[in-house]
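Read through the structure below, which is laid out as structure tokens, and then see the notes.
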Amino acid sequence: MSSTHATSATAQTLYREIPYIAFGILLNLVPAAVISALRLPVFVDASGTIVITLALGVRAGILTGVLSFLIGGITQNPVMPAFSGTQFAIAVYVHFMARRGWFRGVGRIIPTGVGLGILAAIVSAPVIVGLFGGLTGNGASLVVAFLLATGKSVMKSVILAGLAAEPLDKTLQCLIAYWLLKGMPKTVLAGLKKGSLRQNGFVA
Amino acid sequence: MLEPSPAARWLCAVGIIVAVIFTRDLRILIAVFGVAAMTCLYVHQVRGLFIKFLLWVWLPLVAWGITVWGGIVGSPPGFPLHSDAAGGVLYAFRISVRLGAAVSVLQAFLLSVDLEDLARGLFSLRVPRGIVLVVLSVVALGPELRKRSEQVLTARAARGLLNRGGRLRAGREAANTLVPLVTWGFRSAAMRFEYWNQRGLLESPWLDEGAPFRMIDAAYVTFSAVWCVAALWAYGNPH
Amino acid sequence: MVRGRLVGLREPALIMVNPHEALLSALSSHRHAYVSGPNFSARSEALQHITRLPSASETPGSDSYGNKLPDSANSRADERFAYVGPEIYHSLSGLATSVKSELMLHSFGNQREITRLAMEADLDDVLDRSCFELSGGQQAILATVAATALRPRVLALDCCLEQVDADRRDSLLRAVAGFNSETSMVIADNELKGLPFLDGATELRMEPAGDLPPMSAERCREAFQPRYPAPVLRLEGLCFSYPRSGPVLRDAEATLAPGAIYWLRGANGSGKSTVSKLLAGVLTPQRGLIFADGKPIRPALKPGALVSYHFQNPDLQLFSTTAWDEVNAGPLAQGCSEAEAAWRARHVLDQVAIAPTFDRDHPLDLPFTLRKRLALAAAVACGCPWLILDEPSLGQDAENTSAIGDLIRGLAESGAGVLVISHAQRLMDQLPVVELEMADGKIIARAVGNAAGRRPL
């Protein structure tokens, strides 16, 4: 298919990814209704980033993650933009692991998810300390308060509190992305060559 | 007449938020928070989201901060435990006011115009076209995806397939429920690009239309830039 | 790959192997063309081909007949083409938040003229609304008007006008045709035959060259009985409002008897879906009761047990990874044995003419027409005593629509109760129905009987 308008082939390739990235962003921001109806006690604010990174590669994944938190800061929760860096790190890590086949099967996804959780906890910590003084007002703050009371520094307390929660959360999000891609028709995924779908058995 | 254009709003918001983050003086932070919060409460489009932020994010943060730094730890970071409760409260208060100021500036500047105009304002700032198109797409398709998420959930519930359970089970259920939604999203993405290409929509002059940059915009931007530079300078030269 | 074989009706000698060339040839001599044909006659592929859209073809860059897709060398740089397909939301740009912006995006500077066209198409009341919050019919009109605003060389309308009210279709097509004298229109639709506008168009007919048989009326009449006898349902004083909007139901009342077919009608937003969701147990009434054989019940406690709900859009209700599992899952979830579930699944798949060769296919890989039938089969296979069917014949041609009517009649005759929401006059005319109208939050029984002898109540 060739366009009748003056657009370079490179631009065509980039523009082709735009609707996917937009959808990935919405997947990070919107399905809250589904999640709360299922009483799922985790966040799924990175599922779109993981799915798009697996399907279209690291550039699309980074744009999905970073833009979702920048846009989410305007439309949903104004503190989200501060955590765009975490989304960047998620996309890079997922791409790195997926290229090496670490999303092939539940057995490999669990250690991948744990690693992602550790990374997310470490990358988010400076933001939580700088912007929130270590306390975000949610359940993790209880853990942070306890650790502060034992004399640990703010940064250490925040990282340890993050390590208690993030690995489970991120592992579940990796599993959700895996089950999603596994449940989709292969014909929908077959045309997506830039990601890591083949390496992880999502397409032949 | 006095309202900044979308492009100017972006620039001002970024400049002032950077300034707020690097400002140490509590009086300046309180003043900024006060003015921006008043603006948010005054503007109808912003009021609801701002109140939601105050009630669900800011007030819990203040409560936690004062309890922990003023009570449990009893001192600001870097000080021995229970050595300066007042200092701890002041630290918590400064963090909360800084966050409140940054958020209220962001919402005052960016939420008081149509999201679509805001996105198109990015073209004036020479933000890469692809990124602006992503933002426009997200803003346009948000309601559709929200509607479809609810429909998928309704359809699954109506067939008696909605099973709740432990975390893992619920995660599996979430994935199964989202499969039709994500399949639709991917198919739609593939088709949408072909339609844009077929119709030449990415060259439409409407995408590049935007409010011109006026003198008042230059004034706003200059003000925020000067403030930002001053804040950064003061941060680097604390005395 | 399905191929179509084109037979010109008005020019019987015009039998061609290559329907795409025939279409282009027809457009060079007549300004507009109407392509008729049953399901799976490759009409969509033909329309996509002549508007430069890639469709699922065997070889990238060429169509399923081996012809290379036309490229820019054969067209002017400023030429545009537009295709509006049956899935309307794909034909909207996804870049504009409001109807007005969508039209401005497509107008390429001709804003005054497109405003006039929007008024002729009755879009002026919804200019500030989100494109995706419009009803299906309004979206179809918007997509058509927006595509017209491009002043395309060829505008293809592929089964997109089914959701537009019948009395608006002709005026819409005339307004579109009158906008730009250089735009040729090609229309393919299951519901437009006999429209006055098409008198001036050349008609081309496509026939399927593959082996996807239509539904069999005889098979469709062989319904199995519901798993347990259908109770009489009585709705008493039902009230319901959605958050941030006014009341939808205000003391709605009705008595629904099994063995009957109820046709639930009403304007958009009148509460048809709300009543359906209350019966299916997806929503809980804020006031009022639902009775089954005189006993108050709460369908929300076990959704899907009493009422099987078939939604208008099949794509959002297909959850399994194979067509077989999709139909089999419902009876199993309702407590049937594996053998009985398998029997039900096979029976219903035969009724909707989905052959065993499709059993292992992913449901979302099937063409829209088959996805719709698969979703219908999944709803019927459950064996629930009551069924709610929302636009059950969407996307089906005349023969299959008639067979679906036989299926619905068979269900009612086997003892189930059926509630149908449909704009398909052709379907509803063949059924003996009780017409219920939603108005002012209430349910009013209007008429009873089939088209030949429907009498008011």
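Identifiers for the structure tokens are assigned positionally: chains receive A, B, ... in sequence, residues are indexed from 1 per chain, and ligands are indexed from 1 in the order shown.
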*Residues of chain B near chain C: apply a cut-off of 9 Å, count only C-alpha atoms, and supply the list as number ranges by chain.*
B: 115-116, 133-141, 143-144, 147-149, 151-161, 176-181, 183-184, 188-189, 191-192, 194-201, 203-207
_Polymer residues at most 9 Å from His362 in chain C, only C-alpha atoms, same-chain spacing of 3 or more positions, as a ChimeraX atom specification_ = /A:184-186 /C:320-323,358-359,365-366
*Would you list which chain A residues are within 8 Å of chain B using only C-alpha atoms, as JSON, numbers by chain?*
{"A": [3, 4, 5, 14, 15, 16, 18, 19, 20, 21, 22, 23, 25, 26, 30, 31, 33, 34, 35, 38, 39, 40, 41, 67, 71, 74, 76, 77, 78, 79, 131, 132, 133, 135, 136, 137, 141, 145, 148, 149, 151, 153, 154, 172, 175, 176, 177, 179, 180, 181, 183, 184, 185, 188]}
_Pairwise distance for CA of Phe123 in chain B and CA of Asp217 in chain B, rounded to one decimal in Å_ = 15.9 Å
*Nearest to Ile122 in chain A, chosen from A:Ala161, A:Leu27, A:Ala60, A:Leu54, with only C-alpha atoms counted in the distances*: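 Among the listed residues, the smallest separation from Ile122 in chain A belongs to A:Ala161.
Put simply, CA of Ile141 in chain C is 21.8 Å away from CA of Thr369 in chain C.
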*Go through range 2-162 of chain B and collect every residue that DSSP, computed from the backbone, puts in helix (DSSP H, G or I); the answer should be as number ranges by chain.*
B: 6-22, 26-42, 44-72, 85-110, 115-124, 129-158
Write the residues of the selection above to a file with C-alpha atoms, as a compact mmCIF listing (two decimals), in the first residue's frame.
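Just written: part_34.txt:
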```txt
# COMPACT_ATOMS: atom_id res chain seq x y z
CA PRO B 6 -2.44 26.42 24.74
CA ALA B 7 1.21 26.61 23.72
CA ALA B 8 1.90 29.29 26.31
CA ARG B 9 0.10 27.22 28.92
CA TRP B 10 2.43 24.29 28.38
CA LEU B 11 5.52 26.45 28.67
CA CYS B 12 4.28 28.31 31.75
CA ALA B 13 3.18 25.13 33.50
CA VAL B 14 6.55 23.47 32.99
CA GLY B 15 8.51 26.57 34.00
CA ILE B 16 6.53 27.28 37.15
CA ILE B 17 6.47 23.65 38.27
CA VAL B 18 10.26 23.45 37.94
CA ALA B 19 10.50 26.68 39.91
CA VAL B 20 8.21 25.30 42.62
CA ILE B 21 10.18 22.07 42.92
CA PHE B 22 13.43 23.97 43.46
CA LEU B 26 7.92 28.18 52.42
CA ARG B 27 6.29 31.60 52.09
CA ILE B 28 6.67 31.56 48.32
CA LEU B 29 5.33 28.01 48.16
CA ILE B 30 2.29 28.93 50.27
CA ALA B 31 1.61 31.98 48.10
CA VAL B 32 1.83 29.96 44.89
CA PHE B 33 -0.37 27.21 46.33
CA GLY B 34 -2.92 29.75 47.49
CA VAL B 35 -3.21 31.60 44.19
CA ALA B 36 -3.23 28.45 42.05
CA ALA B 37 -5.70 26.67 44.33
CA MET B 38 -8.07 29.64 44.17
CA THR B 39 -7.85 29.56 40.40
CA CYS B 40 -8.58 25.84 40.32
CA LEU B 41 -11.58 26.22 42.58
CA TYR B 42 -12.86 29.16 40.56
CA HIS B 44 -15.55 25.16 36.67
CA GLN B 45 -13.71 22.64 34.49
CA VAL B 46 -10.94 22.21 37.03
CA ARG B 47 -12.83 22.32 40.29
CA GLY B 48 -13.92 18.66 40.50
CA LEU B 49 -10.53 17.13 39.72
CA PHE B 50 -8.75 19.56 42.04
CA ILE B 51 -11.05 18.80 44.95
CA LYS B 52 -10.55 15.09 44.25
CA PHE B 53 -6.77 15.62 44.45
CA LEU B 54 -7.09 17.58 47.70
CA LEU B 55 -9.29 14.99 49.37
CA TRP B 56 -7.73 11.75 48.09
CA VAL B 57 -4.06 12.62 47.71
CA TRP B 58 -3.12 15.84 49.45
CA LEU B 59 -4.93 15.62 52.78
CA PRO B 60 -3.90 11.99 53.43
CA LEU B 61 -0.34 13.00 52.59
CA VAL B 62 -0.45 15.89 55.05
CA ALA B 63 -1.93 13.67 57.74
CA TRP B 64 0.64 10.92 57.21
CA GLY B 65 3.50 13.36 57.00
CA ILE B 66 2.70 15.17 60.21
CA THR B 67 2.01 11.91 62.04
CA VAL B 68 5.23 10.26 60.94
CA TRP B 69 7.74 13.14 60.87
CA GLY B 70 6.21 15.02 63.79
CA GLY B 71 5.24 12.04 65.91
CA ILE B 72 6.65 8.63 65.08
CA ALA B 85 9.37 17.32 66.46
CA ALA B 86 8.61 20.84 65.29
CA GLY B 87 11.22 20.50 62.58
CA GLY B 88 9.63 17.25 61.53
CA VAL B 89 6.21 18.88 61.23
CA LEU B 90 7.73 21.76 59.25
CA TYR B 91 9.42 19.29 56.88
CA ALA B 92 6.16 17.43 56.31
CA PHE B 93 4.33 20.70 55.77
CA ARG B 94 6.89 21.95 53.24
CA ILE B 95 6.69 18.73 51.24
CA SER B 96 2.88 18.87 51.21
CA VAL B 97 2.70 22.52 50.23
CA ARG B 98 5.29 22.03 47.48
CA LEU B 99 3.31 19.11 46.05
CA GLY B 100 0.06 21.04 46.36
CA ALA B 101 1.56 24.07 44.63
CA ALA B 102 2.96 22.01 41.75
CA VAL B 103 -0.30 20.15 41.18
CA SER B 104 -2.52 23.21 41.42
CA VAL B 105 -0.32 25.08 38.91
CA LEU B 106 -0.46 22.09 36.56
CA GLN B 107 -4.23 21.83 36.79
CA ALA B 108 -4.85 25.57 36.64
CA PHE B 109 -2.88 25.96 33.43
CA LEU B 110 -3.70 22.72 31.66
CA LEU B 115 -7.97 18.76 26.02
CA GLU B 116 -8.05 18.69 22.25
CA ASP B 117 -6.90 22.32 21.98
CA LEU B 118 -4.21 21.58 24.53
CA ALA B 119 -2.93 18.66 22.47
CA ARG B 120 -2.96 20.67 19.25
CA GLY B 121 -1.11 23.44 21.04
CA LEU B 122 1.85 21.06 21.13
CA PHE B 123 2.22 21.44 17.37
CA SER B 124 3.06 25.12 17.92
CA ARG B 129 4.24 15.27 15.14
CA GLY B 130 4.04 11.60 16.05
CA ILE B 131 3.86 12.35 19.75
CA VAL B 132 1.15 14.95 19.27
CA LEU B 133 -0.85 12.50 17.19
CA VAL B 134 -0.55 9.94 19.99
CA VAL B 135 -1.85 12.47 22.51
CA LEU B 136 -4.75 13.47 20.23
CA SER B 137 -5.61 9.84 19.71
CA VAL B 138 -5.63 9.11 23.43
CA VAL B 139 -7.85 12.08 24.15
CA ALA B 140 -10.24 11.15 21.32
CA LEU B 141 -10.45 7.42 21.97
CA GLY B 142 -10.60 7.53 25.80
CA PRO B 143 -14.42 7.56 25.95
CA GLU B 144 -14.65 4.72 23.43
CA LEU B 145 -12.31 2.48 25.38
CA ARG B 146 -14.07 3.30 28.62
CA LYS B 147 -17.40 2.34 27.05
CA ARG B 148 -15.98 -0.89 25.67
CA SER B 149 -14.37 -1.86 28.96
CA GLU B 150 -17.76 -1.60 30.62
CA GLN B 151 -19.43 -3.52 27.80
CA VAL B 152 -16.92 -6.35 28.01
CA LEU B 153 -17.41 -6.59 31.75
CA THR B 154 -21.19 -6.53 31.34
CA ALA B 155 -21.08 -9.23 28.67
CA ARG B 156 -18.93 -11.46 30.83
CA ALA B 157 -21.12 -10.90 33.87
CA ALA B 158 -24.28 -11.58 31.85
```
*If you count only C-alpha atoms, which residues fall within 7 Å of Met155 in chain A, apart from same-chain ones fewer than 2 positions away, as a VMD selection string?*
chain A and resid 125 129 153 157 to 159
*Spatial neighbours of Leu192 in chain A, max dist 8 Å, only C-alpha atoms, sep filter under 3 positions, as a list in words*: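 My list of contacting residues is Ala55, Leu56, Leu189, Gly195 and Leu197 of chain A.
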I want to know what sits within 12 Å of Val420 in chain C, based on only C-alpha atoms, with residues of the same chain fewer than 4 positions away left out; could you give that as a PDB file with C-alpha atoms, in the first residue's frame?
```pdb
ATOM      1  CA  ALA C 260     -43.961 -15.507  23.231  1.00  0.00           C
ATOM      2  CA  ILE C 261     -41.635 -13.234  21.277  1.00  0.00           C
ATOM      3  CA  TYR C 262     -41.462  -9.686  22.584  1.00  0.00           C
ATOM      4  CA  TRP C 263     -40.160  -6.898  20.357  1.00  0.00           C
ATOM      5  CA  LEU C 264     -38.756  -4.172  22.579  1.00  0.00           C
ATOM      6  CA  ARG C 265     -38.662  -0.853  20.763  1.00  0.00           C
ATOM      7  CA  GLY C 266     -37.814   2.699  21.679  1.00  0.00           C
ATOM      8  CA  LYS C 272     -34.185  -0.921  26.358  1.00  0.00           C
ATOM      9  CA  SER C 273     -30.676  -1.972  27.362  1.00  0.00           C
ATOM     10  CA  VAL C 275     -34.416  -3.362  31.148  1.00  0.00           C
ATOM     11  CA  SER C 276     -32.380  -6.101  29.481  1.00  0.00           C
ATOM     12  CA  SER C 308     -29.171 -15.446  28.309  1.00  0.00           C
ATOM     13  CA  TYR C 309     -28.217 -12.075  26.855  1.00  0.00           C
ATOM     14  CA  HIS C 310     -26.909 -11.774  23.301  1.00  0.00           C
ATOM     15  CA  PHE C 311     -25.352  -8.320  22.787  1.00  0.00           C
ATOM     16  CA  GLN C 312     -25.415  -6.260  19.619  1.00  0.00           C
ATOM     17  CA  TRP C 386     -35.351 -16.650  28.685  1.00  0.00           C
ATOM     18  CA  LEU C 387     -33.295 -15.034  25.958  1.00  0.00           C
ATOM     19  CA  ILE C 388     -32.648 -11.392  25.163  1.00  0.00           C
ATOM     20  CA  LEU C 389     -31.372 -10.891  21.620  1.00  0.00           C
ATOM     21  CA  ASP C 390     -30.028  -7.472  20.661  1.00  0.00           C
ATOM     22  CA  GLU C 391     -29.927  -7.010  16.871  1.00  0.00           C
ATOM     23  CA  PRO C 392     -29.571 -10.748  16.201  1.00  0.00           C
ATOM     24  CA  SER C 393     -29.540 -10.324  12.406  1.00  0.00           C
ATOM     25  CA  ILE C 404     -32.588 -16.373  12.222  1.00  0.00           C
ATOM     26  CA  GLY C 405     -36.268 -15.547  12.343  1.00  0.00           C
ATOM     27  CA  ILE C 408     -36.240 -17.333  17.167  1.00  0.00           C
ATOM     28  CA  ARG C 409     -39.646 -18.803  16.376  1.00  0.00           C
ATOM     29  CA  ALA C 412     -40.408 -19.652  21.435  1.00  0.00           C
ATOM     30  CA  ALA C 424     -34.390  -4.998  11.103  1.00  0.00           C
ATOM     31  CA  LEU C 427     -36.705  -9.862  10.520  1.00  0.00           C
ATOM     32  CA  MET C 428     -39.510  -8.579  12.690  1.00  0.00           C
ATOM     33  CA  LEU C 431     -42.364 -13.014  13.455  1.00  0.00           C
ATOM     34  CA  PRO C 432     -45.556 -13.021  15.512  1.00  0.00           C
ATOM     35  CA  VAL C 433     -44.524 -10.554  18.181  1.00  0.00           C
ATOM     36  CA  VAL C 434     -45.863  -8.598  21.091  1.00  0.00           C
ATOM     37  CA  GLU C 435     -44.636  -5.050  20.496  1.00  0.00           C
ATOM     38  CA  LEU C 436     -43.451  -3.301  23.634  1.00  0.00           C
ATOM     39  CA  GLU C 437     -42.423   0.323  23.466  1.00  0.00           C
TER      40      GLU C 437
END
```
*Distance query range 113-116 of chain C at most 9 Å, only C-alpha atoms, self and fewer than 4 positions along chain excluded, as a PyMOL selection string*: chain C and resi 100+103-104+107+120-121+124+145-146+148-149+179
Please write the residues from the selection above to a file, keeping C-alpha atoms, as an mmCIF file, in the first residue's frame.
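Result file again32.cif:
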```cif
data_model
loop_
_atom_site.group_PDB
_atom_site.id
_atom_site.type_symbol
_atom_site.label_atom_id
_atom_site.label_comp_id
_atom_site.auth_asym_id
_atom_site.auth_seq_id
_atom_site.Cartn_x
_atom_site.Cartn_y
_atom_site.Cartn_z
ATOM 1 C CA LYS C 100 -17.287 19.313 14.832
ATOM 2 C CA LEU C 103 -15.687 17.266 10.275
ATOM 3 C CA MET C 104 -13.058 20.016 10.361
ATOM 4 C CA SER C 107 -12.817 19.186 5.411
ATOM 5 C CA GLU C 120 -28.636 18.498 6.061
ATOM 6 C CA ALA C 121 -27.605 15.263 7.773
ATOM 7 C CA ASP C 124 -25.967 20.116 13.982
ATOM 8 C CA VAL C 145 -20.481 12.820 6.029
ATOM 9 C CA ALA C 146 -16.860 13.074 7.137
ATOM 10 C CA THR C 148 -17.746 12.919 1.878
ATOM 11 C CA ALA C 149 -16.044 16.074 3.139
ATOM 12 C CA PHE C 179 -21.996 17.667 -2.137
#
```
*Name all residues at most 6 Å from Val154 in chain C (count only C-alpha atoms; drop same-chain ones fewer than 4 positions away) and give them as a list in words.*
Phe81, Thr183, Ser184 and Met185 of chain C
Save the residues we just selected, C-alpha atoms, as a PDB file, in the first residue's frame?
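Result file is again-v6.pdb:
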```pdb
ATOM      1  CA  PHE C  81     -10.439   7.784  -1.580  1.00  0.00           C
ATOM      2  CA  THR C 183     -17.268  11.895  -6.194  1.00  0.00           C
ATOM      3  CA  SER C 184     -18.466   8.462  -7.299  1.00  0.00           C
ATOM      4  CA  MET C 185     -20.274   6.341  -4.743  1.00  0.00           C
TER       5      MET C 185
END
```
*Find the distance between CA of Gly57 in chain A and CA of Arg99 in chain A and write it in Å to one decimal.*
9.3 Å
*asked:* To test your reading of the structure, identify every residue in range 175-406 of chain C that backbone DSSP assigns to strand (DSSP E), and report it as a PyMOL selection string.
replied: chain C and resi 184-188+202-208+233-241+247-256+261-265+287-292+295-297+307-310+386-390
Store the residues of this selection in a file with C-alpha atoms, as a tab-separated table (two decimals), in the first residue's frame.
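Result file follows (result29.tsv):
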```
chain	number	residue	atom	x	y	z
C	184	SER	CA	-18.47	8.46	-7.30
C	185	MET	CA	-20.27	6.34	-4.74
C	186	VAL	CA	-20.21	2.58	-4.48
C	187	ILE	CA	-22.68	1.14	-2.02
C	188	ALA	CA	-22.93	-2.39	-0.68
C	202	THR	CA	-25.98	0.72	-11.81
C	203	GLU	CA	-26.48	-2.53	-9.93
C	204	LEU	CA	-23.83	-5.19	-9.87
C	205	ARG	CA	-24.37	-8.48	-8.14
C	206	MET	CA	-21.68	-10.64	-6.60
C	207	GLU	CA	-22.05	-14.29	-5.82
C	208	PRO	CA	-19.94	-16.38	-3.51
C	233	LEU	CA	-41.77	-12.78	34.43
C	234	ARG	CA	-43.43	-9.79	35.98
C	235	LEU	CA	-41.68	-6.44	36.33
C	236	GLU	CA	-43.26	-4.29	38.99
C	237	GLY	CA	-42.43	-0.65	39.71
C	238	LEU	CA	-38.89	-0.85	38.37
C	239	CYS	CA	-36.85	2.33	38.81
C	240	PHE	CA	-33.29	2.87	37.70
C	241	SER	CA	-30.95	5.83	37.12
C	247	PRO	CA	-33.89	8.40	35.68
C	248	VAL	CA	-34.06	5.90	32.84
C	249	LEU	CA	-36.82	3.71	34.25
C	250	ARG	CA	-39.73	5.17	36.20
C	251	ASP	CA	-42.06	2.53	37.64
C	252	ALA	CA	-41.65	0.33	34.58
C	253	GLU	CA	-44.04	-2.61	34.58
C	254	ALA	CA	-44.68	-5.52	32.26
C	255	THR	CA	-45.71	-9.16	32.29
C	256	LEU	CA	-43.71	-11.45	30.01
C	261	ILE	CA	-41.63	-13.23	21.28
C	262	TYR	CA	-41.46	-9.69	22.58
C	263	TRP	CA	-40.16	-6.90	20.36
C	264	LEU	CA	-38.76	-4.17	22.58
C	265	ARG	CA	-38.66	-0.85	20.76
C	287	ARG	CA	-36.65	0.28	43.37
C	288	GLY	CA	-39.19	-2.27	42.28
C	289	LEU	CA	-39.26	-6.02	41.99
C	290	ILE	CA	-38.97	-8.77	39.43
C	291	PHE	CA	-41.16	-11.83	39.89
C	292	ALA	CA	-40.79	-15.29	38.37
C	295	LYS	CA	-42.08	-15.26	43.49
C	296	PRO	CA	-39.74	-12.25	43.82
C	297	ILE	CA	-36.29	-12.97	42.41
C	307	VAL	CA	-31.69	-15.04	31.10
C	308	SER	CA	-29.17	-15.45	28.31
C	309	TYR	CA	-28.22	-12.08	26.86
C	310	HIS	CA	-26.91	-11.77	23.30
C	386	TRP	CA	-35.35	-16.65	28.68
C	387	LEU	CA	-33.30	-15.03	25.96
C	388	ILE	CA	-32.65	-11.39	25.16
C	389	LEU	CA	-31.37	-10.89	21.62
C	390	ASP	CA	-30.03	-7.47	20.66
```
_My list of candidates is C:Asp361, C:Leu173, C:Leu117, C:Leu155. Which is closest to chain A when distances are computed with only C-alpha atoms?_
C:Asp361
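In this comparison, which uses only C-alpha atoms, the residue of C:Gly335, C:His49, C:Gly269, C:Met119 approaching chain A most closely is C:His49.
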